[in-house]
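Dropping model_25.csv in here (CSV, C-alpha atoms):
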```
chain,number,residue,atom,x,y,z
A,20,LYS,CA,0.0,0.0,0.0
A,21,GLN,CA,2.7,2.5,1.0
A,22,VAL,CA,4.6,1.9,-2.3
A,23,VAL,CA,1.4,2.8,-4.2
A,24,LEU,CA,0.8,5.9,-2.0
A,25,ASP,CA,4.5,7.0,-2.5
A,26,ALA,CA,4.1,6.7,-6.3
A,27,ILE,CA,0.9,8.7,-6.2
A,28,ALA,CA,2.7,11.4,-4.1
A,29,GLN,CA,5.5,11.5,-6.7
A,30,ARG,CA,2.9,12.0,-9.5
A,31,ASP,CA,4.2,8.8,-11.1
A,32,GLN,CA,1.0,7.3,-12.4
A,33,ILE,CA,2.7,4.5,-14.4
A,34,LYS,CA,4.5,3.3,-11.3
A,35,ALA,CA,1.3,3.7,-9.1
A,36,ASP,CA,-0.7,1.6,-11.6
A,37,ARG,CA,2.0,-1.1,-11.7
A,38,GLU,CA,2.3,-1.3,-8.0
A,39,PHE,CA,-1.5,-1.3,-7.6
A,40,GLU,CA,-1.7,-4.4,-9.8
A,41,LEU,CA,1.0,-6.0,-7.8
A,42,LEU,CA,-0.8,-5.2,-4.6
A,43,VAL,CA,-4.2,-6.7,-5.7
A,44,THR,CA,-2.5,-9.7,-7.2
A,45,LYS,CA,0.0,-10.6,-4.5
A,46,PHE,CA,-2.1,-9.7,-1.5
A,47,ALA,CA,-5.6,-10.5,-2.7
A,48,LYS,CA,-6.2,-12.8,0.3
A,49,ASN,CA,-4.6,-10.5,2.9
A,50,LYS,CA,-7.1,-9.6,5.6
A,51,ASN,CA,-6.2,-5.9,5.2
A,52,ILE,CA,-6.5,-5.6,1.5
A,53,ALA,CA,-9.9,-3.9,1.5
A,54,GLU,CA,-8.6,-1.3,3.9
A,55,ALA,CA,-5.5,-0.7,1.8
A,56,LEU,CA,-7.7,-0.1,-1.3
A,57,TYR,CA,-10.0,2.2,0.6
A,58,ARG,CA,-7.0,4.3,1.8
A,59,ILE,CA,-5.6,4.5,-1.7
A,60,GLY,CA,-8.9,5.6,-3.2
A,61,PHE,CA,-9.4,8.1,-0.4
A,62,GLU,CA,-5.9,9.5,-1.0
A,63,TYR,CA,-6.6,9.9,-4.8
A,64,GLN,CA,-9.8,11.7,-4.1
A,65,ASN,CA,-9.1,14.0,-1.1
A,66,LYS,CA,-5.4,14.7,-1.4
A,67,TYR,CA,-4.9,14.8,-5.2
A,68,ASN,CA,-8.4,15.4,-6.5
A,69,LYS,CA,-8.2,12.5,-9.0
A,70,LYS,CA,-11.8,11.7,-8.8
A,71,ASN,CA,-12.0,9.2,-11.7
A,72,LYS,CA,-9.0,7.2,-10.4
A,73,ALA,CA,-10.4,7.3,-6.9
A,74,THR,CA,-13.8,5.9,-8.1
A,75,GLU,CA,-12.0,3.2,-10.1
A,76,ILE,CA,-10.2,2.0,-7.0
A,77,HIS,CA,-13.3,2.2,-4.8
A,78,MET,CA,-15.3,0.3,-7.4
A,79,TYR,CA,-12.6,-2.4,-7.5
A,80,ASN,CA,-12.9,-2.7,-3.7
A,81,THR,CA,-16.7,-3.0,-3.6
A,82,SER,CA,-16.8,-5.6,-6.4
A,83,HIS,CA,-14.0,-7.8,-5.1
A,84,PHE,CA,-14.4,-7.5,-1.3
A,85,PRO,CA,-18.1,-6.9,-0.6
A,86,ASN,CA,-18.0,-8.6,2.8
A,87,ASP,CA,-15.4,-6.2,4.2
A,88,SER,CA,-16.4,-3.1,6.1
A,89,TYR,CA,-13.9,-1.0,4.2
A,90,ALA,CA,-15.5,-2.0,0.9
A,91,LEU,CA,-18.7,-0.4,2.3
A,92,LEU,CA,-16.7,2.7,3.1
A,93,SER,CA,-15.5,2.7,-0.5
A,94,GLN,CA,-19.1,2.5,-1.7
A,95,VAL,CA,-20.0,5.5,0.5
A,96,GLU,CA,-17.1,7.5,-1.0
A,97,ILE,CA,-18.5,6.7,-4.5
A,98,ILE,CA,-21.9,8.0,-3.5
A,99,ARG,CA,-20.5,11.1,-1.9
A,100,ARG,CA,-18.6,12.0,-5.1
A,101,TYR,CA,-21.8,11.7,-7.2
A,102,ILE,CA,-23.8,13.7,-4.7
A,103,ARG,CA,-21.2,16.5,-4.8
A,104,GLU,CA,-21.4,16.5,-8.6
A,105,GLY,CA,-25.2,16.5,-8.6
A,106,SER,CA,-25.1,13.3,-10.6
A,107,LYS,CA,-28.1,10.9,-10.7
A,108,LEU,CA,-25.6,8.1,-10.5
A,109,ALA,CA,-25.7,8.7,-6.7
A,110,GLU,CA,-29.2,7.2,-6.5
A,111,ASN,CA,-28.1,4.2,-8.6
A,112,GLU,CA,-25.1,3.6,-6.3
A,113,VAL,CA,-27.3,3.9,-3.2
A,114,GLU,CA,-29.5,1.0,-4.6
A,115,ILE,CA,-26.3,-1.0,-5.2
A,116,MET,CA,-25.2,-0.3,-1.7
A,117,LEU,CA,-28.5,-1.4,-0.1
A,118,GLU,CA,-28.3,-4.7,-2.1
A,119,ILE,CA,-24.7,-5.7,-2.0
A,120,PHE,CA,-24.0,-4.6,1.6
A,121,ARG,CA,-27.4,-5.6,3.1
A,122,SER,CA,-25.8,-7.9,5.6
A,123,GLN,CA,-23.1,-5.5,6.8
A,124,PRO,CA,-23.5,-4.4,10.4
A,125,ASP,CA,-22.3,-0.9,9.5
A,126,LEU,CA,-25.0,-0.4,6.8
A,127,PRO,CA,-27.4,1.7,9.0
A,128,LYS,CA,-24.5,4.1,9.8
A,129,SER,CA,-23.7,4.5,6.1
A,130,ILE,CA,-27.4,5.1,5.2
A,131,TYR,CA,-27.6,7.8,7.9
A,132,GLN,CA,-24.3,9.4,6.8
A,133,ILE,CA,-25.5,9.6,3.2
A,134,GLY,CA,-28.7,11.1,4.3
A,135,GLN,CA,-26.8,13.8,6.1
A,136,PHE,CA,-24.5,14.3,3.1
A,137,TYR,CA,-27.5,14.7,0.8
A,138,THR,CA,-29.0,17.3,3.2
A,139,ASN,CA,-25.8,19.2,3.6
A,140,ASN,CA,-25.6,19.4,-0.2
A,141,LYS,CA,-29.1,21.0,-0.4
A,142,LYS,CA,-30.7,17.8,-1.6
A,143,LYS,CA,-33.2,17.5,1.2
A,144,GLU,CA,-35.7,15.2,-0.6
A,145,GLN,CA,-33.1,12.5,-1.2
A,146,GLY,CA,-31.8,13.0,2.3
A,147,ILE,CA,-35.3,12.4,3.8
A,148,LYS,CA,-35.6,9.2,1.7
A,149,MET,CA,-32.4,7.9,3.3
A,150,PHE,CA,-33.6,8.8,6.8
A,151,GLN,CA,-37.0,7.2,6.2
A,152,TYR,CA,-35.3,4.0,5.0
A,153,ALA,CA,-33.0,3.8,8.1
A,154,ALA,CA,-35.9,4.7,10.5
A,155,ASN,CA,-38.2,2.0,9.0
A,156,LYS,CA,-35.6,-0.7,8.5
A,157,TYR,CA,-33.6,-0.2,11.8
A,158,PRO,CA,-36.1,1.3,14.3
A,159,ASP,CA,-34.3,-0.1,17.4
A,160,GLU,CA,-30.7,0.8,16.3
A,161,ILE,CA,-29.0,4.0,17.1
A,162,TYR,CA,-28.8,5.2,13.5
A,163,GLY,CA,-32.4,4.3,12.9
A,164,GLN,CA,-33.4,6.4,15.9
A,165,LEU,CA,-31.2,9.3,14.9
A,166,SER,CA,-32.8,9.1,11.4
A,167,GLN,CA,-36.3,9.2,13.0
A,168,ILE,CA,-35.3,12.3,15.0
A,169,LYS,CA,-34.2,13.9,11.7
A,170,LEU,CA,-37.7,13.1,10.2
A,171,PHE,CA,-39.5,14.5,13.2
A,172,LEU,CA,-37.4,17.7,13.0
A,173,GLU,CA,-38.3,18.1,9.4
A,174,THR,CA,-42.0,18.0,10.2
A,175,LYS,CA,-41.5,20.1,13.4
A,176,GLU,CA,-42.7,17.3,15.6
A,177,TYR,CA,-40.4,18.3,18.4
A,178,ASP,CA,-42.1,16.5,21.2
A,179,ALA,CA,-41.8,13.2,19.3
A,180,ALA,CA,-38.1,13.9,18.6
A,181,ASP,CA,-37.6,14.6,22.3
A,182,ILE,CA,-39.1,11.2,23.2
A,183,ILE,CA,-36.6,9.4,21.0
A,184,ALA,CA,-33.8,11.6,22.3
A,185,GLY,CA,-34.7,10.6,25.8
A,186,ASP,CA,-34.5,6.9,24.9
A,187,LEU,CA,-31.2,7.5,23.3
A,188,PHE,CA,-29.8,9.2,26.4
A,189,LEU,CA,-31.3,6.6,28.7
A,190,PHE,CA,-30.1,3.5,26.9
A,191,HIS,CA,-27.1,4.7,24.9
A,192,ALA,CA,-25.5,7.5,26.9
A,193,ASP,CA,-22.2,5.7,26.8
A,194,ASN,CA,-22.2,5.6,22.9
A,195,ALA,CA,-20.2,8.3,21.2
A,196,VAL,CA,-22.5,8.3,18.2
A,197,ALA,CA,-25.6,8.8,20.3
A,198,ARG,CA,-24.0,11.6,22.3
A,199,LYS,CA,-23.0,13.4,19.1
A,200,GLY,CA,-26.6,13.0,17.8
A,201,LEU,CA,-27.9,14.5,21.0
A,202,ARG,CA,-25.5,17.4,20.9
A,203,ASP,CA,-26.5,18.0,17.2
A,204,LEU,CA,-30.2,18.0,18.3
A,205,ALA,CA,-29.5,20.6,21.0
A,206,ALA,CA,-27.6,22.8,18.5
A,207,PHE,CA,-30.6,22.5,16.1
A,208,TYR,CA,-33.0,23.6,18.8
A,209,ARG,CA,-30.7,26.5,19.8
A,210,ASP,CA,-30.6,27.6,16.1
A,211,LYS,CA,-34.4,27.5,15.9
A,212,LYS,CA,-34.7,29.4,19.2
A,213,GLU,CA,-36.3,26.4,20.9
A,214,TYR,CA,-34.1,27.3,23.9
A,215,GLU,CA,-35.8,25.3,26.6
A,216,ARG,CA,-35.5,22.1,24.6
A,217,SER,CA,-31.8,22.9,24.0
A,218,ILE,CA,-31.2,23.6,27.6
A,219,ASN,CA,-32.8,20.3,28.7
A,220,LEU,CA,-30.5,18.3,26.4
A,221,TYR,CA,-27.4,20.1,27.6
A,222,MET,CA,-28.4,19.8,31.2
A,223,ASP,CA,-28.9,16.1,30.9
A,224,GLN,CA,-25.4,15.7,29.5
A,225,ILE,CA,-23.9,17.9,32.2
A,226,THR,CA,-25.9,16.4,35.2
A,227,GLU,CA,-25.6,12.8,34.3
A,228,LYS,CA,-21.9,13.0,33.5
A,229,THR,CA,-22.1,9.8,31.5
A,230,ALA,CA,-20.2,11.1,28.5
A,231,SER,CA,-16.7,9.8,28.1
A,232,ASP,CA,-15.8,12.7,25.8
A,233,ASP,CA,-14.9,16.1,27.1
A,234,PRO,CA,-17.9,17.5,29.0
A,235,ILE,CA,-16.7,21.1,28.6
A,236,ASP,CA,-18.4,21.2,25.1
A,237,SER,CA,-21.8,20.8,26.7
A,238,TYR,CA,-21.1,23.5,29.3
A,239,ARG,CA,-20.0,25.8,26.6
A,240,GLU,CA,-23.0,25.2,24.4
A,241,LEU,CA,-25.4,25.6,27.4
A,242,ILE,CA,-23.7,29.0,28.2
A,243,TYR,CA,-24.1,30.0,24.5
A,244,THR,CA,-27.8,29.2,24.8
A,245,TYR,CA,-28.3,31.4,27.8
A,246,ILE,CA,-26.3,34.2,26.1
A,247,ASP,CA,-28.6,33.9,23.0
A,248,MET,CA,-31.6,34.2,25.4
A,249,ASN,CA,-29.9,37.3,27.0
A,250,ASN,CA,-30.1,35.4,30.3
A,251,ILE,CA,-26.8,36.6,31.6
A,252,GLU,CA,-27.5,35.5,35.2
A,253,ASN,CA,-27.9,31.9,34.2
A,254,ALA,CA,-25.0,32.1,31.9
A,255,ASP,CA,-22.8,33.4,34.7
A,256,GLU,CA,-24.0,30.6,37.0
A,257,VAL,CA,-23.1,27.9,34.5
A,258,ILE,CA,-19.7,29.6,33.9
A,259,ALA,CA,-19.0,29.4,37.6
A,260,ARG,CA,-20.2,25.8,37.8
A,261,MET,CA,-18.0,24.9,34.9
A,262,GLN,CA,-14.9,26.4,36.5
A,263,THR,CA,-15.6,24.4,39.7
A,264,ASP,CA,-16.5,21.1,38.0
A,265,LEU,CA,-13.8,21.3,35.4
A,266,ALA,CA,-11.1,23.2,37.2
A,267,ALA,CA,-8.4,20.8,35.9
A,268,ASN,CA,-9.7,20.8,32.3
A,269,PRO,CA,-6.9,21.9,29.9
A,270,ARG,CA,-9.4,23.5,27.6
A,271,LEU,CA,-10.9,25.8,30.2
A,272,ALA,CA,-9.1,29.0,29.2
A,273,ARG,CA,-9.8,28.4,25.5
A,274,THR,CA,-13.5,27.9,26.3
A,275,ILE,CA,-13.7,31.1,28.3
A,276,PHE,CA,-12.1,32.9,25.3
A,277,ASN,CA,-14.8,31.4,23.1
A,278,ILE,CA,-17.5,32.5,25.5
A,279,GLY,CA,-16.1,36.0,25.5
A,280,ASN,CA,-16.3,36.0,21.7
A,281,HIS,CA,-19.8,34.7,21.7
A,282,PHE,CA,-20.9,37.6,23.9
A,283,LEU,CA,-19.3,39.9,21.3
A,284,THR,CA,-21.1,38.1,18.4
A,285,ALA,CA,-24.4,38.5,20.4
A,286,GLY,CA,-23.8,42.2,20.6
A,287,ASP,CA,-23.0,42.3,24.3
A,288,SER,CA,-19.6,44.0,24.3
A,289,ALA,CA,-19.7,44.9,28.0
A,290,ASN,CA,-19.9,41.2,29.0
A,291,ALA,CA,-17.4,40.2,26.3
A,292,ILE,CA,-14.8,42.6,27.7
A,293,ARG,CA,-15.6,41.3,31.3
A,294,ILE,CA,-15.1,37.7,30.3
A,295,HIS,CA,-11.9,38.3,28.4
A,296,LYS,CA,-10.4,40.3,31.2
A,297,TYR,CA,-11.4,37.5,33.6
A,298,ASN,CA,-9.6,35.0,31.4
A,299,VAL,CA,-6.5,37.1,31.5
A,300,GLU,CA,-6.6,37.6,35.2
A,301,HIS,CA,-7.4,34.0,36.3
A,302,TYR,CA,-5.6,32.0,33.6
A,303,THR,CA,-2.5,34.1,32.9
A,304,ASP,CA,-0.2,31.2,32.6
A,305,VAL,CA,-2.4,29.4,30.1
A,306,PHE,CA,-1.6,30.0,26.4
A,307,GLU,CA,-5.2,30.7,25.3
A,308,SER,CA,-5.6,33.6,27.8
A,309,MET,CA,-3.3,35.6,25.6
A,310,TRP,CA,-5.9,35.4,22.9
A,311,SER,CA,-8.3,37.1,25.3
A,312,GLN,CA,-5.8,39.9,25.9
A,313,ALA,CA,-5.4,40.3,22.1
A,314,ALA,CA,-9.2,40.2,21.7
A,315,LEU,CA,-9.4,43.3,23.9
A,316,VAL,CA,-7.0,45.1,21.7
A,317,TRP,CA,-8.9,44.1,18.6
A,318,TYR,CA,-12.2,45.3,20.1
A,319,TYR,CA,-10.8,48.8,21.0
A,320,VAL,CA,-9.1,49.2,17.6
A,321,ARG,CA,-12.3,48.3,15.8
A,322,HIS,CA,-14.2,50.8,17.9
A,323,ASN,CA,-11.7,53.6,17.4
A,324,ASP,CA,-10.8,53.8,21.1
A,325,GLN,CA,-7.1,54.4,20.7
A,326,ALA,CA,-6.5,55.1,24.4
A,327,ASN,CA,-7.8,51.8,25.6
A,328,ALA,CA,-6.2,50.0,22.6
A,329,ASP,CA,-2.8,51.3,23.7
A,330,ILE,CA,-3.4,50.3,27.3
A,331,GLU,CA,-4.4,46.8,26.4
A,332,TYR,CA,-1.6,46.4,23.9
A,333,ALA,CA,0.9,47.4,26.5
A,334,ASN,CA,-0.6,44.8,28.8
A,335,LEU,CA,-0.3,42.2,26.1
A,336,LEU,CA,3.4,42.9,25.7
A,337,LYS,CA,4.0,42.9,29.4
A,338,ILE,CA,2.0,39.9,30.6
A,339,TYR,CA,2.8,37.6,27.7
A,340,GLN,CA,6.4,38.7,26.9
A,341,ASN,CA,7.6,35.1,27.2
A,342,GLN,CA,5.0,33.5,25.0
A,343,THR,CA,6.6,32.1,21.8
A,344,THR,CA,3.7,33.2,19.6
A,345,LEU,CA,3.5,36.8,20.8
A,346,ALA,CA,4.7,37.9,17.4
A,347,LYS,CA,1.7,36.4,15.8
A,348,GLU,CA,-0.6,38.4,18.0
A,349,VAL,CA,1.3,41.6,17.1
A,350,PHE,CA,1.2,41.2,13.3
A,351,GLN,CA,-2.5,40.2,13.6
A,352,ILE,CA,-3.2,43.5,15.4
A,353,GLY,CA,-1.5,45.2,12.5
A,354,ASP,CA,-4.0,43.5,10.3
A,355,ILE,CA,-6.9,44.8,12.4
A,356,TYR,CA,-5.6,48.3,12.0
A,357,LEU,CA,-5.4,47.8,8.3
A,358,GLU,CA,-9.0,46.5,8.4
A,359,VAL,CA,-10.1,49.9,9.9
A,360,ASP,CA,-8.1,51.8,7.2
A,361,ASN,CA,-5.3,52.9,9.5
A,362,SER,CA,-2.4,51.6,7.4
A,363,GLU,CA,0.1,53.9,9.0
A,364,LYS,CA,-0.5,52.3,12.4
A,365,ALA,CA,-0.6,48.9,10.9
A,366,ARG,CA,2.9,49.4,9.5
A,367,THR,CA,4.3,50.1,13.0
A,368,PHE,CA,3.1,46.7,14.2
A,369,TYR,CA,4.6,44.9,11.2
A,370,GLN,CA,7.8,46.7,11.7
A,371,GLN,CA,7.8,45.7,15.4
A,372,VAL,CA,7.7,42.1,14.4
A,373,LEU,CA,10.7,42.5,12.1
A,374,ASP,CA,12.6,44.4,14.7
A,375,GLU,CA,11.9,42.3,17.8
A,376,TRP,CA,11.3,38.9,16.4
A,377,HIS,CA,13.5,38.9,13.3
A,378,GLU,CA,14.1,35.1,13.6
A,379,SER,CA,10.4,34.3,14.1
A,380,GLU,CA,8.4,32.3,11.7
A,381,TYR,CA,6.0,35.3,11.6
A,382,VAL,CA,8.5,37.5,9.8
A,383,PHE,CA,6.9,36.3,6.6
A,384,ASN,CA,3.5,37.5,7.8
A,385,ALA,CA,4.9,40.9,8.8
A,386,LYS,CA,6.4,41.3,5.3
A,387,ALA,CA,3.2,40.3,3.7
A,388,GLY,CA,1.5,42.9,5.9
A,389,PHE,CA,3.6,45.6,4.4
A,390,ILE,CA,2.6,44.4,0.9
A,391,LYS,CA,-1.1,44.5,2.0
A,392,ALA,CA,-0.6,48.0,3.4
A,393,ASP,CA,1.0,49.1,0.1
A,394,ILE,CA,-1.9,47.7,-1.9
A,395,HIS,CA,-4.3,49.5,0.5
A,396,ASP,CA,-2.5,52.8,0.0
A,397,GLY,CA,-2.4,52.3,-3.8
A,398,TYR,CA,1.4,52.0,-4.0
A,399,ASP,CA,1.1,48.9,-6.2
A,400,GLU,CA,-0.3,50.8,-9.2
```
Rendering of file as structure tokens:
Amino acid sequence: KQVVLDAIAQRDQIKADREFELLVTKFAKNKNIAEALYRIGFEYQNKYNKKNKATEIHMYNTSHFPNDSYALLSQVEIIRRYIREGSKLAENEVEIMLEIFRSQPDLPKSIYQIGQFYTNNKKKEQGIKMFQYAANKYPDEIYGQLSQIKLFLETKEYDAADIIAGDLFLFHADNAVARKGLRDLAAFYRDKKEYERSINLYMDQITEKTASDDPIDSYRELIYTYIDMNNIENADEVIARMQTDLAANPRLARTIFNIGNHFLTAGDSANAIRIHKYNVEHYTDVFESMWSQAALVWYYVRHNDQANADIEYANLLKIYQNQTTLAKEVFQIGDIYLEVDNSEKARTFYQQVLDEWHESEYVFNAKAGFIKADIHDGYDE
């Protein structure tokens, strides 16, 4: 397999084809052959954009090793390609998948994924068909239940969707797929401003503590929901609870940074500034708190408050002088000045990177900043 991949990387198609033939001839009975073919097809498609070659490899896989789970993955890749291209061949390949792989245990998952892919590519009708098939064929399996939730959401039968979600949480809370489906459902409700439904789902995940993945995501999304509702009191309560429950979580400072930005997106600049300053004060030694300090500078620059921008920039240089990526924050602030049409000020930041971090990897960005400033000022004409 690696010899074929190396030949593909070297753009040596003759060698790649020769080694491929050797692979399928010499290792046809190897237990990992289907996986190797899937990987090769995936590489052709996603790294080198050789769609026809990728499809050729995947089709070889599906026709020669239909009992292997990786052959099913190859079939999914074929369908995904045709969906992207808007080709009716996608529906033909779906029928082939349902017939050839009908005994594969991962088929419900593949049907659900294709339904999502149809929907994400603005082909709702075909997506619904896939969800209906999965829901009818596999009503007691996780992907069948997730498909049924999708159908209920489409018809706005939210109470019915919540009943299935409750069963998923009750019986499959330890399953990563089920947890992801429940988080997606909560996000859907938040987007539709069905806030109470969203809150209930997030609270279940936080309270039960059954998820093996990082619980900080559920805390963050619950806080976002309260911010969207303009319920700052509850948002602050969950922030405080998160800091207590997840005090040792390595993503805490990053999450508080994200919360500050969400306040800003929601138009609540006062609370955004409060949260970013809290992050800097309480998590100074954590890398992501520097982002909050830089965010304060960005905010004041964009709002033409030069006095506070200068103060916060001085704090950035003082507090984070030993951070290895400080130069990145400096050139990015230059970009923000350029964004607000202050090219003269922007140039001072680009120059500072060249003067103080001349061996930094961000020298290139600073030099590019000068070029952008020249274009902004019309010097390229």
Residues within 9 Å of range 260-266 of chain A, all atoms listed in the file, excluding chain neighbours under 4 positions, as a count of residues only:
7
For Leu335 in chain A: contacts at 9 Å, all atoms listed in the file, fewer than 6 positions along chain excluded, given as a PyMOL selection string
chain A and resi 309+312-313+316+345+348
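With CA of Lys66 in chain A on one side and CA of Ala53 in chain A on the other, the separation reads 19.4 Å.
Note that CA of Ile130 in chain A and CA of Ala195 in chain A are 17.8 Å apart.
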(-31.0, 7.8, 12.8) in this file's frame - what residues fall within 9 Å of it? Use only C-alpha atoms and give the answer as an MDAnalysis selection string.
chainID A and resid 127:128 130:131 150:151 153:154 157:158 160:170 200
Convert the current residue selection to file output with C-alpha atoms, as a JSON list (two decimals), in the frame of the given file.
```json
[["chain", "number", "residue", "atom", "x", "y", "z"],
["A", 127, "PRO", "CA", -27.40, 1.70, 9.00],
["A", 128, "LYS", "CA", -24.50, 4.10, 9.80],
["A", 130, "ILE", "CA", -27.40, 5.10, 5.20],
["A", 131, "TYR", "CA", -27.60, 7.80, 7.90],
["A", 150, "PHE", "CA", -33.60, 8.80, 6.80],
["A", 151, "GLN", "CA", -37.00, 7.20, 6.20],
["A", 153, "ALA", "CA", -33.00, 3.80, 8.10],
["A", 154, "ALA", "CA", -35.90, 4.70, 10.50],
["A", 157, "TYR", "CA", -33.60, -0.20, 11.80],
["A", 158, "PRO", "CA", -36.10, 1.30, 14.30],
["A", 160, "GLU", "CA", -30.70, 0.80, 16.30],
["A", 161, "ILE", "CA", -29.00, 4.00, 17.10],
["A", 162, "TYR", "CA", -28.80, 5.20, 13.50],
["A", 163, "GLY", "CA", -32.40, 4.30, 12.90],
["A", 164, "GLN", "CA", -33.40, 6.40, 15.90],
["A", 165, "LEU", "CA", -31.20, 9.30, 14.90],
["A", 166, "SER", "CA", -32.80, 9.10, 11.40],
["A", 167, "GLN", "CA", -36.30, 9.20, 13.00],
["A", 168, "ILE", "CA", -35.30, 12.30, 15.00],
["A", 169, "LYS", "CA", -34.20, 13.90, 11.70],
["A", 170, "LEU", "CA", -37.70, 13.10, 10.20],
["A", 200, "GLY", "CA", -26.60, 13.00, 17.80]]
```
Could you give me, as an NGL selection string, the residues within 8 Å of range 144-146 of chain A, counting all atoms listed in the file and dropping anything in the same chain fewer than 3 positions from it?
:A and (133-138 or 149-150)
Tell me, as JSON, numbers by chain, which residues lie within 12 Å of Tyr101 in chain A, counting all atoms listed in the file; anything in the same chain fewer than 4 positions away does not count.
{"A": [70, 71, 74, 94, 95, 96, 97, 105, 106, 107, 108, 109, 110, 111, 112, 113, 133, 136, 137, 140]}
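Interatomic distance, CA of Leu357 in chain A to CA of Lys391 in chain A: 8.3 Å.
Shortest separation to Leu126 in chain A among A:Leu92, A:Ala47, A:Ala387, A:Ala179 occurs at residue A:Leu92, atoms counted being only C-alpha atoms.
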Hey, what's within 10 Å of Tyr319 in chain A if we count only C-alpha atoms and toss same-chain stuff fewer than 3 positions away? As a VMD selection string, please?
chain A and resid 292 314 to 316 322 to 332
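The nearest approach to Phe389 in chain A among the residues A:Phe350, A:Glu358, A:His77, A:Lys175, with only C-alpha atoms taken into account, belongs to A:Phe350.
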Given the choices A:Ala28, A:Met248, A:Ala272, A:Ile33, which gets closest to Tyr67 in chain A if the distance is worked out from only C-alpha atoms?
A:Ala28
